[in-house]
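Data from work.tsv: TSV, C-alpha atoms
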```
chain	number	residue	atom	x	y	z
A	1	MET	CA	0.00	0.00	0.00
A	2	ILE	CA	1.44	3.36	-1.03
A	3	MET	CA	1.33	5.57	2.03
A	4	ASP	CA	1.74	9.23	2.83
A	5	LYS	CA	2.38	10.50	6.33
A	6	LEU	CA	-0.44	9.87	8.77
A	7	LYS	CA	-1.20	11.68	12.00
A	8	ILE	CA	-2.43	9.82	15.08
A	9	GLY	CA	-5.76	11.66	15.10
A	10	ARG	CA	-6.50	10.66	11.53
A	11	ALA	CA	-5.49	7.08	12.22
A	12	ILE	CA	-7.95	6.96	15.12
A	13	LEU	CA	-10.66	8.47	12.89
A	14	TRP	CA	-10.26	5.77	10.24
A	15	VAL	CA	-10.28	3.01	12.85
A	16	LEU	CA	-13.47	4.51	14.29
A	17	ILE	CA	-15.00	4.56	10.81
A	18	TYR	CA	-14.21	0.88	10.44
A	19	PHE	CA	-15.60	0.22	13.92
A	20	GLY	CA	-18.80	1.98	12.87
A	21	ILE	CA	-19.01	-0.22	9.78
A	22	MET	CA	-18.63	-3.30	12.00
A	23	LEU	CA	-21.47	-2.07	14.19
A	24	PHE	CA	-23.59	-1.40	11.11
A	25	TYR	CA	-23.37	-4.88	9.62
A	26	THR	CA	-23.76	-6.44	13.09
A	27	LEU	CA	-26.93	-4.40	13.59
A	28	LEU	CA	-28.22	-5.53	10.20
A	29	ASP	CA	-27.65	-9.12	11.22
A	30	VAL	CA	-29.43	-8.82	14.56
A	31	VAL	CA	-32.31	-6.55	13.56
A	32	ILE	CA	-33.07	-7.70	9.99
A	33	TRP	CA	-31.41	-10.91	8.82
A	34	ARG	CA	-32.02	-13.04	11.91
A	35	LYS	CA	-35.51	-11.65	12.47
A	36	TYR	CA	-36.95	-11.72	8.95
A	37	PHE	CA	-34.74	-14.22	7.10
A	38	PRO	CA	-33.57	-16.70	9.77
A	39	LYS	CA	-33.04	-19.52	7.28
A	40	TYR	CA	-30.61	-17.48	5.20
A	41	SER	CA	-29.34	-15.05	7.83
A	42	ASP	CA	-25.79	-16.42	7.95
A	43	TRP	CA	-25.22	-15.99	4.23
A	44	LEU	CA	-27.00	-12.63	4.09
A	45	ASN	CA	-24.71	-11.47	6.88
A	46	ILE	CA	-21.60	-12.61	4.97
A	47	ILE	CA	-22.78	-10.81	1.83
A	48	ALA	CA	-23.42	-7.64	3.85
A	49	ILE	CA	-19.97	-7.88	5.46
A	50	ILE	CA	-18.27	-8.29	2.08
A	51	ILE	CA	-20.15	-5.29	0.65
A	52	CYS	CA	-19.27	-3.16	3.70
A	53	VAL	CA	-15.61	-4.21	3.61
A	54	CYS	CA	-15.34	-3.48	-0.12
A	55	GLY	CA	-16.95	-0.10	0.49
A	56	PHE	CA	-14.44	0.67	3.23
A	57	ILE	CA	-11.51	-0.27	0.97
A	58	ALA	CA	-13.01	2.00	-1.69
A	59	LEU	CA	-13.06	4.82	0.88
A	60	LEU	CA	-9.38	4.25	1.62
A	61	LYS	CA	-8.55	4.29	-2.08
A	62	ARG	CA	-10.61	7.45	-2.56
A	63	ALA	CA	-8.59	9.04	0.23
A	64	GLY	CA	-5.48	8.36	-1.85
A	65	TYR	CA	-4.22	5.02	-0.53
A	66	GLN	CA	-3.57	2.34	-3.09
A	67	VAL	CA	-3.77	-1.28	-2.02
A	68	GLN	CA	-0.98	-3.41	-3.50
A	69	PHE	CA	-1.59	-6.94	-2.28
A	70	LEU	CA	1.19	-8.68	-4.15
A	71	SER	CA	3.98	-6.14	-3.84
A	72	ASN	CA	7.21	-7.18	-2.09
A	73	VAL	CA	6.12	-10.83	-1.84
A	74	THR	CA	9.09	-13.19	-1.45
A	75	LEU	CA	9.46	-16.85	-0.55
A	76	ILE	CA	11.25	-15.88	2.66
A	77	GLY	CA	8.42	-13.52	3.53
A	78	ILE	CA	5.78	-16.22	2.97
A	79	LEU	CA	7.74	-18.73	5.04
A	80	GLY	CA	8.09	-16.10	7.77
A	81	ALA	CA	4.33	-15.50	7.64
A	82	ILE	CA	3.60	-19.22	8.02
A	83	GLY	CA	6.04	-19.34	10.92
A	84	CYS	CA	4.21	-16.43	12.55
A	85	SER	CA	0.91	-18.32	12.26
A	86	VAL	CA	2.36	-21.26	14.17
A	87	LEU	CA	4.06	-18.93	16.67
A	88	PHE	CA	0.77	-17.16	17.39
A	89	PHE	CA	-0.96	-20.47	18.07
A	90	LEU	CA	1.75	-21.71	20.39
A	91	LEU	CA	2.30	-18.40	22.17
A	92	LEU	CA	-1.25	-17.10	22.43
A	93	ASP	CA	-3.64	-20.06	22.41
A	94	ASN	CA	-1.45	-22.34	24.50
A	95	CYS	CA	0.45	-19.93	26.77
A	96	LEU	CA	-0.96	-16.43	27.19
A	97	ASP	CA	-4.70	-16.94	26.63
A	98	PRO	CA	-5.11	-19.40	29.54
A	99	ILE	CA	-3.44	-16.85	31.82
A	100	PHE	CA	-5.66	-14.01	30.57
A	101	GLU	CA	-8.74	-16.22	30.92
A	102	SER	CA	-7.96	-16.87	34.59
A	103	VAL	CA	-7.56	-13.15	35.24
A	104	PHE	CA	-10.71	-12.08	33.33
A	105	PRO	CA	-13.30	-14.86	33.86
A	106	GLN	CA	-16.19	-12.76	32.49
A	107	SER	CA	-14.32	-12.16	29.27
A	108	GLU	CA	-13.70	-15.90	29.05
A	109	GLN	CA	-17.44	-16.52	29.42
A	110	ASP	CA	-18.17	-14.03	26.64
A	111	TYR	CA	-15.54	-15.71	24.50
A	112	GLN	CA	-17.14	-19.12	25.04
A	113	GLU	CA	-20.48	-17.70	23.96
A	114	THR	CA	-18.78	-16.46	20.79
A	115	ILE	CA	-17.42	-19.95	20.16
A	116	GLN	CA	-20.91	-21.41	20.47
A	117	SER	CA	-22.20	-18.94	17.89
A	118	LEU	CA	-19.38	-19.96	15.54
A	119	ILE	CA	-20.31	-23.62	15.90
A	120	GLN	CA	-23.88	-22.89	14.85
A	121	SER	CA	-22.67	-21.69	11.42
A	122	PRO	CA	-19.21	-23.18	10.80
A	123	VAL	CA	-18.92	-22.40	7.07
A	124	THR	CA	-19.90	-18.73	7.16
A	125	SER	CA	-18.02	-18.15	10.41
A	126	LEU	CA	-14.94	-19.70	8.81
A	127	LEU	CA	-15.21	-17.27	5.91
A	128	GLN	CA	-15.63	-14.31	8.25
A	129	VAL	CA	-13.03	-15.19	10.86
A	130	CYS	CA	-10.34	-16.79	8.71
A	131	ILE	CA	-10.56	-14.83	5.44
A	132	ILE	CA	-12.57	-11.61	5.46
A	133	ALA	CA	-11.52	-10.23	8.86
A	134	PRO	CA	-7.77	-10.87	8.40
A	135	ILE	CA	-7.74	-9.26	4.96
A	136	ILE	CA	-9.45	-6.01	5.94
A	137	GLU	CA	-7.69	-5.79	9.31
A	138	GLU	CA	-4.26	-6.13	7.70
A	139	ILE	CA	-5.08	-3.57	5.03
A	140	LEU	CA	-6.25	-1.11	7.68
A	141	MET	CA	-3.96	-1.78	10.63
A	142	ARG	CA	-0.67	-2.69	8.98
A	143	GLY	CA	-0.87	-1.16	5.52
A	144	PHE	CA	-2.73	2.03	6.35
A	145	VAL	CA	-2.18	2.81	10.04
A	146	LEU	CA	1.26	1.32	10.66
A	147	GLY	CA	2.61	2.34	7.26
A	148	GLY	CA	1.35	5.91	7.56
A	149	LEU	CA	2.35	6.43	11.18
A	150	LYS	CA	5.82	5.02	10.49
A	151	ASN	CA	6.37	7.75	7.92
A	152	THR	CA	5.38	10.37	10.50
A	153	TYR	CA	6.62	9.16	13.88
A	154	GLY	CA	9.09	6.37	13.18
A	155	ALA	CA	8.81	2.60	13.38
A	156	ILE	CA	8.63	2.07	17.16
A	157	THR	CA	5.86	4.59	17.88
A	158	ALA	CA	3.92	3.43	14.84
A	159	LEU	CA	4.30	-0.22	15.83
A	160	LEU	CA	3.07	0.28	19.39
A	161	PHE	CA	0.20	2.61	18.54
A	162	SER	CA	-1.07	0.53	15.62
A	163	SER	CA	-0.93	-2.57	17.84
A	164	LEU	CA	-2.93	-0.76	20.50
A	165	LEU	CA	-5.62	0.25	18.00
A	166	PHE	CA	-5.68	-3.28	16.65
A	167	ALA	CA	-6.17	-4.64	20.16
A	168	LEU	CA	-9.04	-2.24	20.86
A	169	LEU	CA	-10.94	-3.61	17.86
A	170	HIS	CA	-11.28	-6.89	19.75
A	171	PHE	CA	-14.10	-6.62	22.19
A	172	ASN	CA	-13.16	-8.53	25.34
A	173	MET	CA	-10.09	-8.44	27.53
A	174	VAL	CA	-8.83	-11.92	26.68
A	175	GLN	CA	-8.86	-11.16	22.96
A	176	THR	CA	-7.67	-7.57	23.44
A	177	LEU	CA	-4.52	-8.51	25.32
A	178	SER	CA	-3.71	-11.32	22.91
A	179	ALA	CA	-4.46	-9.05	19.95
A	180	PHE	CA	-1.92	-6.50	21.16
A	181	VAL	CA	0.82	-9.15	21.18
A	182	CYS	CA	-0.38	-10.37	17.80
A	183	GLY	CA	-0.39	-6.80	16.46
A	184	VAL	CA	3.21	-6.22	17.54
A	185	ILE	CA	4.42	-9.37	15.78
A	186	LEU	CA	2.38	-8.69	12.65
A	187	GLY	CA	3.71	-5.14	12.68
A	188	LEU	CA	7.28	-6.39	12.86
A	189	LEU	CA	6.54	-8.73	9.96
A	190	TYR	CA	5.21	-5.81	7.92
A	191	ILE	CA	8.17	-3.59	8.76
A	192	LYS	CA	10.54	-6.40	7.81
A	193	THR	CA	8.83	-7.47	4.57
A	194	ASN	CA	6.87	-4.34	3.60
A	195	SER	CA	4.25	-6.81	2.36
A	196	ILE	CA	0.56	-6.70	3.16
A	197	PHE	CA	0.16	-10.13	1.57
A	198	CYS	CA	2.59	-11.73	4.00
A	199	CYS	CA	0.73	-10.20	6.94
A	200	ILE	CA	-2.57	-11.49	5.54
A	201	ILE	CA	-1.10	-14.99	5.20
A	202	ALA	CA	0.13	-14.89	8.81
A	203	HIS	CA	-3.19	-13.59	10.13
A	204	CYS	CA	-5.35	-15.95	8.06
A	205	GLY	CA	-3.14	-18.89	8.98
A	206	TYR	CA	-3.30	-18.21	12.69
A	207	ASN	CA	-7.05	-17.65	12.69
A	208	PHE	CA	-7.54	-20.87	10.72
A	209	ILE	CA	-5.40	-22.95	13.08
A	210	SER	CA	-7.09	-21.41	16.12
A	211	TYR	CA	-10.56	-21.80	14.59
A	212	ILE	CA	-10.12	-25.46	13.72
A	213	THR	CA	-8.55	-26.44	17.05
A	214	THR	CA	-11.21	-24.49	18.95
A	215	ILE	CA	-14.42	-25.73	17.35
A	216	TYR	CA	-13.34	-29.23	16.31
A	217	PRO	CA	-13.79	-30.76	19.79
A	218	TYR	CA	-17.34	-29.40	19.92
A	219	ILE	CA	-18.31	-30.50	16.41
A	220	ASN	CA	-16.74	-33.92	16.95
A	221	LYS	CA	-18.86	-34.67	20.04
```
If you convert what's in this file into structure tokens, what do you get?
Amino acid sequence: MIMDKLKIGRAILWVLIYFGIMLFYTLLDVVIWRKYFPKYSDWLNIIAIIICVCGFIALLKRAGYQVQFLSNVTLIGILGAIGCSVLFFLLLDNCLDPIFESVFPQSEQDYQETIQSLIQSPVTSLLQVCIIAPIIEEILMRGFVLGGLKNTYGAITALLFSSLLFALLHFNMVQTLSAFVCGVILGLLYIKTNSIFCCIIAHCGYNFISYITTIYPYINK
């Protein structure tokens, strides 16, 4: 993504815009799709999410930011991205998350409720969690926010602040704390490779591993 300098206030504004879009398609799902089209609500929700995400990317492009998915892609970068996926699973799911869950039991309960909702619609939730969300989050948080802030404030400040914003997009404390760690590592990967695609691979890979290992025991019962 070709970036100009970005101020912190503008970075926050764009993240808030994306947050508003998330609230919008969630509201559509709860108020319209589930109420009036329960049989098709999962797929209607996915279609709405895709339309909203594409609209948000169009807003970014209109603001002058050009998405370049396949720029700076190397074999070493892809291997590093795959390694990050495995690292996230080992570090977060198996080490840090159990600690955070013991500290924030209510957040753990909310997280378990989220897991149950994923199990109810495994195909559409897989698309949302493992493909759509990683793509738009990497475009916004690494390509746009981290890339722009790095040009203004330097790599360290940009890395920490973009990771903080990324963490705040995740709605409970267990996910928020883990997301901050994840954001730092993904940010380092982006700084090292200058590749949005590699960050997307790392993010998609981790979410996929975590998704499968999380819901498989429930589906297999």
Q: Skip region 196-209 of chain A itself and residues of its chain fewer than 6 positions away, then list as a PyMOL selection string all residues within 7 Å of it, counting all atoms listed in the file.
A: chain A and resi 69-70+73+77-78+81-82+84-86+88-89+129-131+134-135+138-139+143+186+189-190
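Comparing the minimum interatomic distances between Leu59 (chain A) and each of A:Leu127, A:Tyr18, A:Tyr36, A:Arg10, counting all atoms listed in the file, we find that A:Tyr18 sits nearest.
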Return as JSON the centre and edge lengths, in Å with one decimal, of the box along x, y and z that encloses every atom of region 38-48 of chain A in the file, padded by 3 Å per side.
```
{"center_x": -27.6, "center_y": -13.6, "center_z": 5.8, "size_x": 18.0, "size_y": 17.9, "size_z": 13.9}
```
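Across the structure, CA of Ile12 (chain A) and CA of Glu137 (chain A) are spaced 14.0 Å apart.
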Q: Find the residues around Leu164 (chain A) up to 10 Å (only C-alpha atoms counted), leave out those fewer than 2 positions away in its own chain, and share them as a PyMOL selection string.
A: chain A and resi 141+158-162+166-169+176-177+179-181+183-184
Save out the residues we just selected, C-alpha atoms, as a PDB file, in the coordinates of the input.
```pdb
ATOM      1  CA  MET A 141      -3.960  -1.780  10.630  1.00  0.00           C
ATOM      2  CA  ALA A 158       3.920   3.430  14.840  1.00  0.00           C
ATOM      3  CA  LEU A 159       4.300  -0.220  15.830  1.00  0.00           C
ATOM      4  CA  LEU A 160       3.070   0.280  19.390  1.00  0.00           C
ATOM      5  CA  PHE A 161       0.200   2.610  18.540  1.00  0.00           C
ATOM      6  CA  SER A 162      -1.070   0.530  15.620  1.00  0.00           C
ATOM      7  CA  PHE A 166      -5.680  -3.280  16.650  1.00  0.00           C
ATOM      8  CA  ALA A 167      -6.170  -4.640  20.160  1.00  0.00           C
ATOM      9  CA  LEU A 168      -9.040  -2.240  20.860  1.00  0.00           C
ATOM     10  CA  LEU A 169     -10.940  -3.610  17.860  1.00  0.00           C
ATOM     11  CA  THR A 176      -7.670  -7.570  23.440  1.00  0.00           C
ATOM     12  CA  LEU A 177      -4.520  -8.510  25.320  1.00  0.00           C
ATOM     13  CA  ALA A 179      -4.460  -9.050  19.950  1.00  0.00           C
ATOM     14  CA  PHE A 180      -1.920  -6.500  21.160  1.00  0.00           C
ATOM     15  CA  VAL A 181       0.820  -9.150  21.180  1.00  0.00           C
ATOM     16  CA  GLY A 183      -0.390  -6.800  16.460  1.00  0.00           C
ATOM     17  CA  VAL A 184       3.210  -6.220  17.540  1.00  0.00           C
TER      18      VAL A 184
END
```
Q. What is the CA of Phe37 (chain A) to CA of Phe171 (chain A) distance in Å?
A. 26.7 Å
(Q) Taking 4 positions as the minimum chain separation for residues in the same chain, which residues sit within 10 Å of Val123 (chain A) when counting all atoms listed in the file? Answer as a PyMOL selection string. (A) chain A and resi 42-43+118-119+127-128
Q.
What's around region 52-55 of chain A at 8 Å? Count only C-alpha atoms, leave out sequence neighbours fewer than 6 positions away in its own chain, and write the answer as an MDAnalysis selection string.
A. chainID A and resid 21 25 136
